[in-house]
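> What follows is final-v9.cif, made up of mmCIF, C-alpha atoms and all ligand atoms:
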```
data_input
#
loop_
_atom_site.label_atom_id
_atom_site.label_comp_id
_atom_site.auth_asym_id
_atom_site.auth_seq_id
_atom_site.Cartn_x
_atom_site.Cartn_y
_atom_site.Cartn_z
CA MET A 1 20.97 -14.25 -1.54
CA VAL A 2 19.05 -15.27 -4.69
CA ALA A 3 15.67 -13.62 -5.15
CA PRO A 4 12.70 -15.99 -5.27
CA ALA A 5 10.65 -15.64 -8.46
CA ARG A 6 8.31 -12.65 -8.66
CA GLY A 7 4.92 -13.50 -7.25
CA SER A 8 6.20 -16.56 -5.48
CA ASN A 9 4.48 -15.19 -2.37
CA GLN A 10 1.32 -16.61 -3.87
CA ASP A 11 2.72 -20.08 -4.41
CA PHE A 12 4.05 -20.13 -0.89
CA ALA A 13 0.70 -18.94 0.45
CA MET A 14 -0.98 -22.05 -0.95
CA THR A 15 1.36 -24.21 1.09
CA GLU A 16 1.08 -21.81 4.02
CA ARG A 17 4.52 -20.34 3.43
CA ALA A 18 5.24 -16.69 2.74
CA THR A 19 8.15 -14.59 1.66
CA PHE A 20 9.66 -12.16 4.10
CA GLY A 21 11.99 -10.35 1.76
CA PHE A 22 14.03 -13.19 0.23
CA GLN A 23 13.40 -15.51 3.17
CA ASP A 24 10.82 -18.26 3.00
CA VAL A 25 8.95 -18.24 6.34
CA PRO A 26 5.83 -19.92 7.75
CA VAL A 27 2.93 -17.66 6.79
CA GLU A 28 1.91 -17.23 10.44
CA ASP A 29 5.38 -15.82 11.28
CA LYS A 30 5.43 -13.13 8.61
CA GLN A 31 3.19 -10.52 10.24
CA ALA A 32 5.30 -10.25 13.40
CA LEU A 33 8.43 -9.78 11.28
CA VAL A 34 6.71 -7.08 9.20
CA ASP A 35 5.42 -5.40 12.36
CA ASP A 36 8.97 -5.19 13.75
CA VAL A 37 10.08 -3.43 10.55
CA PHE A 38 7.41 -0.73 10.78
CA HIS A 39 7.72 -0.24 14.55
CA SER A 40 11.41 0.34 13.93
CA VAL A 41 11.10 2.79 11.02
CA ALA A 42 7.84 4.64 11.91
CA ARG A 43 9.44 7.89 13.16
CA ARG A 44 11.73 8.18 10.15
CA TYR A 45 9.33 6.63 7.63
CA ASP A 46 8.20 9.84 5.89
CA LEU A 47 11.70 11.32 5.68
CA MET A 48 13.08 8.04 4.33
CA ASN A 49 10.37 7.89 1.65
CA ASP A 50 11.43 11.29 0.38
CA LEU A 51 15.13 10.42 0.46
CA MET A 52 14.78 6.98 -1.15
CA SER A 53 12.49 8.07 -3.95
CA GLY A 54 13.82 11.62 -4.45
CA GLY A 55 10.26 12.77 -3.73
CA LEU A 56 8.76 10.60 -6.49
CA HIS A 57 6.44 8.80 -4.07
CA ARG A 58 4.62 12.11 -3.63
CA LEU A 59 3.85 12.29 -7.37
CA TRP A 60 2.68 8.67 -7.46
CA LYS A 61 0.40 9.27 -4.45
CA ASP A 62 -0.94 12.48 -6.02
CA ALA A 63 -1.72 10.48 -9.17
CA MET A 64 -3.50 7.83 -7.11
CA VAL A 65 -5.69 10.45 -5.42
CA SER A 66 -6.40 12.10 -8.78
CA ALA A 67 -7.54 8.72 -10.13
CA LEU A 68 -9.74 8.32 -7.06
CA ASN A 69 -11.18 11.78 -7.54
CA PRO A 70 -12.94 12.10 -4.17
CA PRO A 71 -16.14 14.16 -4.37
CA ARG A 72 -16.06 17.69 -2.98
CA LYS A 73 -19.58 17.59 -1.70
CA SER A 74 -21.88 15.11 -0.01
CA PHE A 75 -22.33 11.93 -1.96
CA GLY A 76 -25.50 10.77 -3.71
CA LYS A 77 -28.19 13.12 -4.94
CA GLY A 78 -29.97 14.54 -1.92
CA SER A 79 -28.73 11.74 0.34
CA GLY A 80 -26.37 14.03 2.21
CA ARG A 81 -24.32 11.06 3.30
CA PRO A 82 -20.54 11.35 3.25
CA TRP A 83 -18.41 9.53 0.72
CA ARG A 84 -16.51 6.87 2.63
CA LEU A 85 -12.97 5.70 1.97
CA VAL A 86 -10.95 3.11 3.81
CA ASP A 87 -7.21 3.51 3.32
CA VAL A 88 -5.78 0.14 4.34
CA ALA A 89 -2.17 -0.12 5.49
CA GLY A 90 -2.52 3.64 5.57
CA GLY A 91 0.41 4.06 7.97
CA THR A 92 1.36 7.68 8.53
CA GLY A 93 -1.63 8.92 6.54
CA ASP A 94 -0.17 10.10 3.23
CA ILE A 95 -3.22 9.06 1.19
CA ALA A 96 -5.79 10.03 3.84
CA LEU A 97 -4.34 13.53 4.23
CA ARG A 98 -4.41 14.08 0.48
CA VAL A 99 -8.00 12.86 0.19
CA ALA A 100 -9.16 15.00 3.12
CA GLU A 101 -7.57 18.08 1.55
CA ARG A 102 -8.88 17.40 -1.92
CA SER A 103 -12.43 16.63 -0.80
CA ARG A 104 -12.44 19.75 1.40
CA GLY A 105 -13.58 17.68 4.36
CA HIS A 106 -16.47 15.97 2.54
CA ALA A 107 -14.84 12.57 2.50
CA GLU A 108 -14.95 10.37 5.57
CA VAL A 109 -11.60 8.59 5.63
CA THR A 110 -10.70 5.65 7.83
CA VAL A 111 -7.02 4.83 8.01
CA ALA A 112 -6.73 1.14 8.89
CA ASP A 113 -3.27 -0.19 9.75
CA ILE A 114 -2.02 -3.03 11.88
CA ASN A 115 0.86 -1.02 13.33
CA SER A 116 0.29 1.33 16.29
CA SER A 117 3.61 3.16 15.77
CA MET A 118 2.75 4.08 12.17
CA LEU A 119 -0.77 5.13 13.21
CA ALA A 120 0.61 7.30 16.02
CA VAL A 121 2.66 9.30 13.49
CA GLY A 122 -0.40 9.57 11.23
CA ARG A 123 -2.60 10.86 14.06
CA GLU A 124 -0.01 13.53 14.92
CA ARG A 125 0.22 14.67 11.30
CA ALA A 126 -3.57 14.91 10.90
CA ALA A 127 -3.86 16.86 14.16
CA LYS A 128 -1.11 19.29 13.12
CA ARG A 129 -2.84 19.99 9.81
CA LYS A 130 -6.23 20.34 11.52
CA LEU A 131 -7.86 18.17 8.87
CA GLU A 132 -11.36 16.91 9.48
CA GLY A 133 -12.96 13.61 8.59
CA ILE A 134 -10.01 11.29 9.23
CA SER A 135 -10.09 8.50 11.80
CA PHE A 136 -7.39 5.96 12.59
CA ARG A 137 -8.05 2.34 13.42
CA GLU A 138 -5.69 -0.51 14.28
CA ALA A 139 -6.80 -3.27 11.94
CA ASP A 140 -5.53 -6.21 9.92
CA ALA A 141 -6.05 -6.02 6.15
CA MET A 142 -6.82 -9.75 6.17
CA ALA A 143 -9.69 -9.41 8.70
CA LEU A 144 -11.07 -5.88 8.56
CA PRO A 145 -13.33 -4.88 11.46
CA PHE A 146 -15.95 -3.34 9.14
CA GLU A 147 -19.37 -4.45 7.93
CA ASP A 148 -19.90 -5.67 4.38
CA TYR A 149 -20.63 -2.87 1.86
CA SER A 150 -19.31 -0.13 4.23
CA PHE A 151 -17.18 1.93 1.85
CA ASP A 152 -17.37 3.74 -1.48
CA ALA A 153 -13.68 3.25 -2.09
CA TYR A 154 -10.76 1.21 -0.82
CA THR A 155 -7.16 2.32 -1.25
CA ILE A 156 -3.92 0.64 -0.30
CA ALA A 157 -0.56 2.27 -1.04
CA PHE A 158 2.70 0.35 -0.69
CA GLY A 159 0.97 -1.86 1.83
CA ILE A 160 -0.31 -5.00 0.18
CA ARG A 161 3.07 -6.61 -0.43
CA ASN A 162 3.60 -6.63 3.33
CA VAL A 163 0.43 -8.58 4.04
CA PRO A 164 1.07 -12.31 4.57
CA ARG A 165 -1.97 -13.56 2.66
CA LEU A 166 -2.51 -11.37 -0.36
CA GLU A 167 -5.68 -13.16 -1.49
CA ALA A 168 -7.23 -12.69 1.97
CA ALA A 169 -6.59 -8.94 1.80
CA LEU A 170 -8.15 -8.72 -1.68
CA ALA A 171 -11.19 -10.71 -0.50
CA GLU A 172 -11.61 -8.28 2.40
CA ALA A 173 -11.32 -5.31 0.04
CA PHE A 174 -14.12 -6.79 -2.06
CA ARG A 175 -16.29 -7.55 0.98
CA VAL A 176 -16.17 -4.07 2.56
CA LEU A 177 -16.88 -2.18 -0.68
CA ARG A 178 -20.42 -1.31 -1.71
CA HIS A 179 -21.60 -2.31 -5.19
CA GLY A 180 -20.06 0.16 -7.62
CA GLY A 181 -17.20 0.77 -5.18
CA ARG A 182 -13.63 1.40 -6.34
CA PHE A 183 -10.48 -0.50 -5.46
CA LEU A 184 -7.13 1.26 -6.02
CA CYS A 185 -3.75 -0.17 -5.15
CA LEU A 186 -0.43 1.63 -5.52
CA GLU A 187 2.52 -0.69 -5.17
CA PHE A 188 6.09 -1.16 -6.30
CA SER A 189 6.17 -3.24 -9.42
CA GLN A 190 8.34 -4.52 -12.24
CA VAL A 191 10.58 -2.09 -14.08
CA ASP A 192 10.09 -2.60 -17.79
CA VAL A 193 12.59 -0.12 -19.23
CA PRO A 194 15.97 -1.54 -20.37
CA MET A 195 18.93 -0.06 -18.46
CA LEU A 196 16.63 1.51 -15.87
CA ASP A 197 16.07 -1.98 -14.47
CA ARG A 198 19.79 -2.46 -13.87
CA ILE A 199 20.34 1.00 -12.44
CA TYR A 200 17.33 0.56 -10.17
CA GLU A 201 18.54 -2.87 -9.04
CA ARG A 202 21.93 -1.50 -8.04
CA TYR A 203 20.49 1.55 -6.41
CA SER A 204 17.98 -0.53 -4.42
CA PHE A 205 20.43 -3.05 -3.02
CA ARG A 206 23.44 -0.78 -2.52
CA VAL A 207 22.05 2.61 -1.64
CA ILE A 208 18.75 2.03 0.16
CA PRO A 209 19.97 -0.20 3.03
CA ALA A 210 22.93 2.17 3.54
CA LEU A 211 20.53 5.12 3.63
CA GLY A 212 18.38 3.20 6.11
CA ARG A 213 21.39 2.70 8.35
CA ALA A 214 22.44 6.35 8.15
CA VAL A 215 19.02 7.96 8.59
CA ALA A 216 16.90 5.46 10.51
CA GLY A 217 19.70 3.48 12.17
CA ASP A 218 18.29 0.33 10.57
CA ALA A 219 19.72 -1.22 7.40
CA GLU A 220 17.91 -4.56 7.80
CA SER A 221 14.40 -3.10 7.65
CA TYR A 222 15.25 -1.34 4.42
CA ARG A 223 16.84 -4.47 3.01
CA TYR A 224 13.49 -6.18 3.68
CA LEU A 225 11.63 -3.38 1.88
CA VAL A 226 13.83 -3.75 -1.19
CA GLU A 227 13.61 -7.55 -1.20
CA SER A 228 9.86 -7.55 -0.70
CA ILE A 229 9.48 -5.48 -3.88
CA ARG A 230 11.31 -8.16 -5.88
CA THR A 231 9.05 -10.98 -4.69
CA PHE A 232 5.76 -9.16 -5.34
CA PRO A 233 3.77 -10.18 -8.46
CA ASN A 234 4.35 -8.07 -11.55
CA GLN A 235 1.68 -5.81 -13.09
CA GLU A 236 -0.12 -8.53 -15.09
CA ARG A 237 -0.01 -11.18 -12.43
CA PHE A 238 -1.31 -8.83 -9.77
CA ALA A 239 -4.13 -7.72 -12.09
CA ASP A 240 -5.10 -11.41 -12.42
CA LEU A 241 -5.26 -11.75 -8.64
CA ILE A 242 -7.51 -8.68 -8.40
CA ARG A 243 -9.83 -10.20 -11.02
CA ALA A 244 -9.79 -13.51 -9.15
CA ALA A 245 -11.00 -11.67 -6.03
CA GLY A 246 -14.13 -10.67 -7.97
CA PHE A 247 -13.31 -7.18 -9.22
CA GLY A 248 -14.34 -6.07 -12.68
CA ARG A 249 -12.90 -3.57 -15.20
CA VAL A 250 -9.43 -4.20 -13.79
CA SER A 251 -6.73 -1.99 -15.25
CA HIS A 252 -3.28 -0.82 -14.35
CA ARG A 253 -0.78 1.80 -15.28
CA SER A 254 2.91 2.02 -14.53
CA PHE A 255 4.73 5.01 -13.08
CA SER A 256 8.39 5.86 -13.62
CA GLY A 257 9.08 2.95 -15.97
CA GLY A 258 7.30 0.42 -13.73
CA ILE A 259 9.02 1.26 -10.45
CA ALA A 260 5.47 1.66 -9.17
CA ALA A 261 2.08 0.68 -10.59
CA LEU A 262 -1.47 1.72 -9.89
CA HIS A 263 -4.07 -1.03 -10.16
CA SER A 264 -7.75 -0.25 -10.32
CA GLY A 265 -10.84 -2.43 -10.07
CA TRP A 266 -14.56 -2.05 -9.44
CA LYS A 267 -17.01 -4.09 -7.40
CA LEU A 268 -19.68 -4.41 -10.06
C1 LIG B 1 5.27 0.86 3.34
S1 LIG B 1 4.04 1.26 4.53
C2 LIG B 1 2.85 2.18 3.62
C3 LIG B 1 2.22 3.30 4.39
C4 LIG B 1 1.37 4.27 3.57
N1 LIG B 1 0.27 3.61 2.93
C5 LIG B 1 2.20 5.00 2.56
O1 LIG B 1 1.96 4.83 1.36
O2 LIG B 1 3.09 5.75 2.93
C6 LIG B 1 3.26 -0.30 4.76
C7 LIG B 1 2.20 -0.31 5.84
O3 LIG B 1 1.53 -1.58 5.79
C8 LIG B 1 1.13 -1.87 7.12
N2 LIG B 1 0.74 -3.28 7.22
C9 LIG B 1 1.53 -4.37 7.13
N3 LIG B 1 0.80 -5.49 7.29
C10 LIG B 1 -0.49 -5.09 7.46
C11 LIG B 1 -1.71 -5.79 7.66
N4 LIG B 1 -1.77 -7.12 7.72
N5 LIG B 1 -2.84 -5.07 7.81
C12 LIG B 1 -2.81 -3.71 7.77
N6 LIG B 1 -1.67 -3.00 7.59
C13 LIG B 1 -0.52 -3.68 7.43
C14 LIG B 1 2.36 -1.51 7.92
O4 LIG B 1 2.08 -1.41 9.28
C15 LIG B 1 2.75 -0.19 7.27
O5 LIG B 1 2.17 0.91 7.90
#
```
Will you turn the file into structure tokens for me?
Ligand SMILES: C[S@@+](CC[C@H](N)C(=O)[O-])C[C@H]1O[C@@H](n2cnc3c(N)ncnc32)[C@H](O)[C@@H]1O

Amino acid sequence: MVAPARGSNQDFAMTERATFGFQDVPVEDKQALVDDVFHSVARRYDLMNDLMSGGLHRLWKDAMVSALNPPRKSFGKGSGRPWRLVDVAGGTGDIALRVAERSRGHAEVTVADINSSMLAVGRERAAKRKLEGISFREADAMALPFEDYSFDAYTIAFGIRNVPRLEAALAEAFRVLRHGGRFLCLEFSQVDVPMLDRIYERYSFRVIPALGRAVAGDAESYRYLVESIRTFPNQERFADLIRAAGFGRVSHRSFSGGIAALHSGWKL
């Protein structure tokens, strides 16, 4: 199947269409399809991430949490209030667990994800590690169940490309952040290193679905994951969308030749 142009998700969204991998679907159908993928892979999700990326996703997530730099004591001079993070599409809790560890329990982290199976794995992991300050909430990135100005930071890692209406998710990110709050998004992006792009393309389409079949018993879900990466806006185009949502001082940096990118913005 021929890949739609990068970022075409946005064009479809305007006409109430969305991409589900390389398929063009009505925007209102996409979420259920995405939900099926993550219900299917939840129990093998963490293992598959390690296998597919050779552990690289751990380094990218560490870099994201370093950029976030969660405070190690109560936030605001004398206020004693906790520093609050919402990790949207937080799934099995990779970002939340890192932030809780790094902040030594001073951060209050809410993992918000639409998928109960992913959240169930996250809850088990947090309980096993006896980490404090993490709560899990079933929630849609496009309609977050939080008041305006609730959080000091908003993170989303490998989640936003799965959301049917990208602009709606960015608008919600802006709404729930306080003034001066930080937006950070880690997502697969466009490889910009000659040769690596071809190797990565072959690896993605040949190896990953086969690995999905062998390890998670599900090639199709992993084919979707690979295809959804190809239809997501590239670094520059995504930065423009973040600016359009109202964020200032928008910047981005690529990891591993652009396989992933970290975008940052501030609610000024
Ligand atoms: C690839 S996983 C990422 C999980 C985790 N952030 C990580 O980096 O390992 C994508 C997550 O996005 C979630 N998701 C998809 N659509 C969503 C939506 N509309 N609102 C909230 N979460 C959503 C899925 O349920 C899934 O847990």
> Please identify the residues whose atoms come within 7 Å of ligand LIG 1 (chain B), using only C-alpha atoms and all ligand atoms, and report them as a VMD selection string.
chain A and resid 31 34 to 35 38 88 to 95 112 to 115 118 139 to 142 156 to 160 162 to 164
> Could you name the residues that touch stretch 169-183 of chain A at 9 Å or less, counting only C-alpha atoms, but leaving out those on the same chain fewer than 2 positions away, as a PyMOL selection string?
chain A and resi 68+86+88+140-144+146-156+160+163-167+185+241-242+245-247+263-268
> What separation in Å, quoted to one decimal, exists between atom CA of A:Ala67 and atom CA of A:Met52?
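Taking atom CA of A:Ala67 and atom CA of A:Met52, their separation equals 24.1 Å.
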> Can you tell me, as a list in words, what residues are no more than 9 Å from stretch 132-136 of chain A when counting all atoms listed in the file, ignoring any on the same chain fewer than 4 positions away?
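Neighbouring residues, sequence-local ones excluded: Gly90, Gly93, Ala96, Leu97, Ala100, Glu101, Arg104, Gly105, His106, Ala107, Glu108, Val109, Thr110, Val111, Ala112, Asp113, Leu119, Ala120, Gly122, Arg123, Ala126 and Ala127 of chain A.
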> Which residues are near A:Ile259? Cut-off 10 Å, only C-alpha atoms, ignore same chain within fewer than 3 positions. Put them as an MDAnalysis selection string.
chainID A and resid 187:193 196:197 200 229 254:256
> Name the closest residue to A:Lys73 among the candidates A:Lys30, A:Arg161, A:Arg206, A:Arg102; distances are taken between atoms, counting only C-alpha atoms.
A:Arg102
> Give as a list of chain:residue names every residue, naming chains and numbers as the document does, that has an atom within 8 Å of (13.3, 1.1, -2.2), counting only C-alpha atoms.
A:Met52, A:Ser53, A:Ser204, A:Ile208, A:Tyr222, A:Leu225, A:Val226, A:Ile229
> Could you jot down the atom CA of A:Pro145 to atom CA of A:Pro71 separation for me, Å, one decimal place?
24.9 Å
> Would you mind telling me which residue in A:Asp50, A:Asp36, A:Asp87, A:Glu236 lies nearest to A:Ser116 when using only C-alpha atoms?
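Looking only at the distances to A:Ser116, the closest residue turns out to be A:Asp36.
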> Grab the atom CA of A:Ala239 to atom CA of A:Val27 distance for me, in Å with one decimal place.
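Between these atoms lies a distance of 22.5 Å.
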> What lies within 8 Å of A:Met64 using only C-alpha atoms, ignoring chain neighbours under 6 positions off, as an mmCIF file with C-alpha atoms, in the coordinates of the input?

```cif
data_model
loop_
_atom_site.group_PDB
_atom_site.id
_atom_site.type_symbol
_atom_site.label_atom_id
_atom_site.label_comp_id
_atom_site.auth_asym_id
_atom_site.auth_seq_id
_atom_site.Cartn_x
_atom_site.Cartn_y
_atom_site.Cartn_z
ATOM 1 C CA LEU A 184 -7.130 1.260 -6.020
ATOM 2 C CA LEU A 186 -0.430 1.630 -5.520
ATOM 3 C CA LEU A 262 -1.470 1.720 -9.890
#
```
> Considering only C-alpha atoms, can you say which of A:Arg249, A:Gly258, A:Lys130, A:Ser117 comes closest to A:Ser40?
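Nearest to A:Ser40: A:Ser117.
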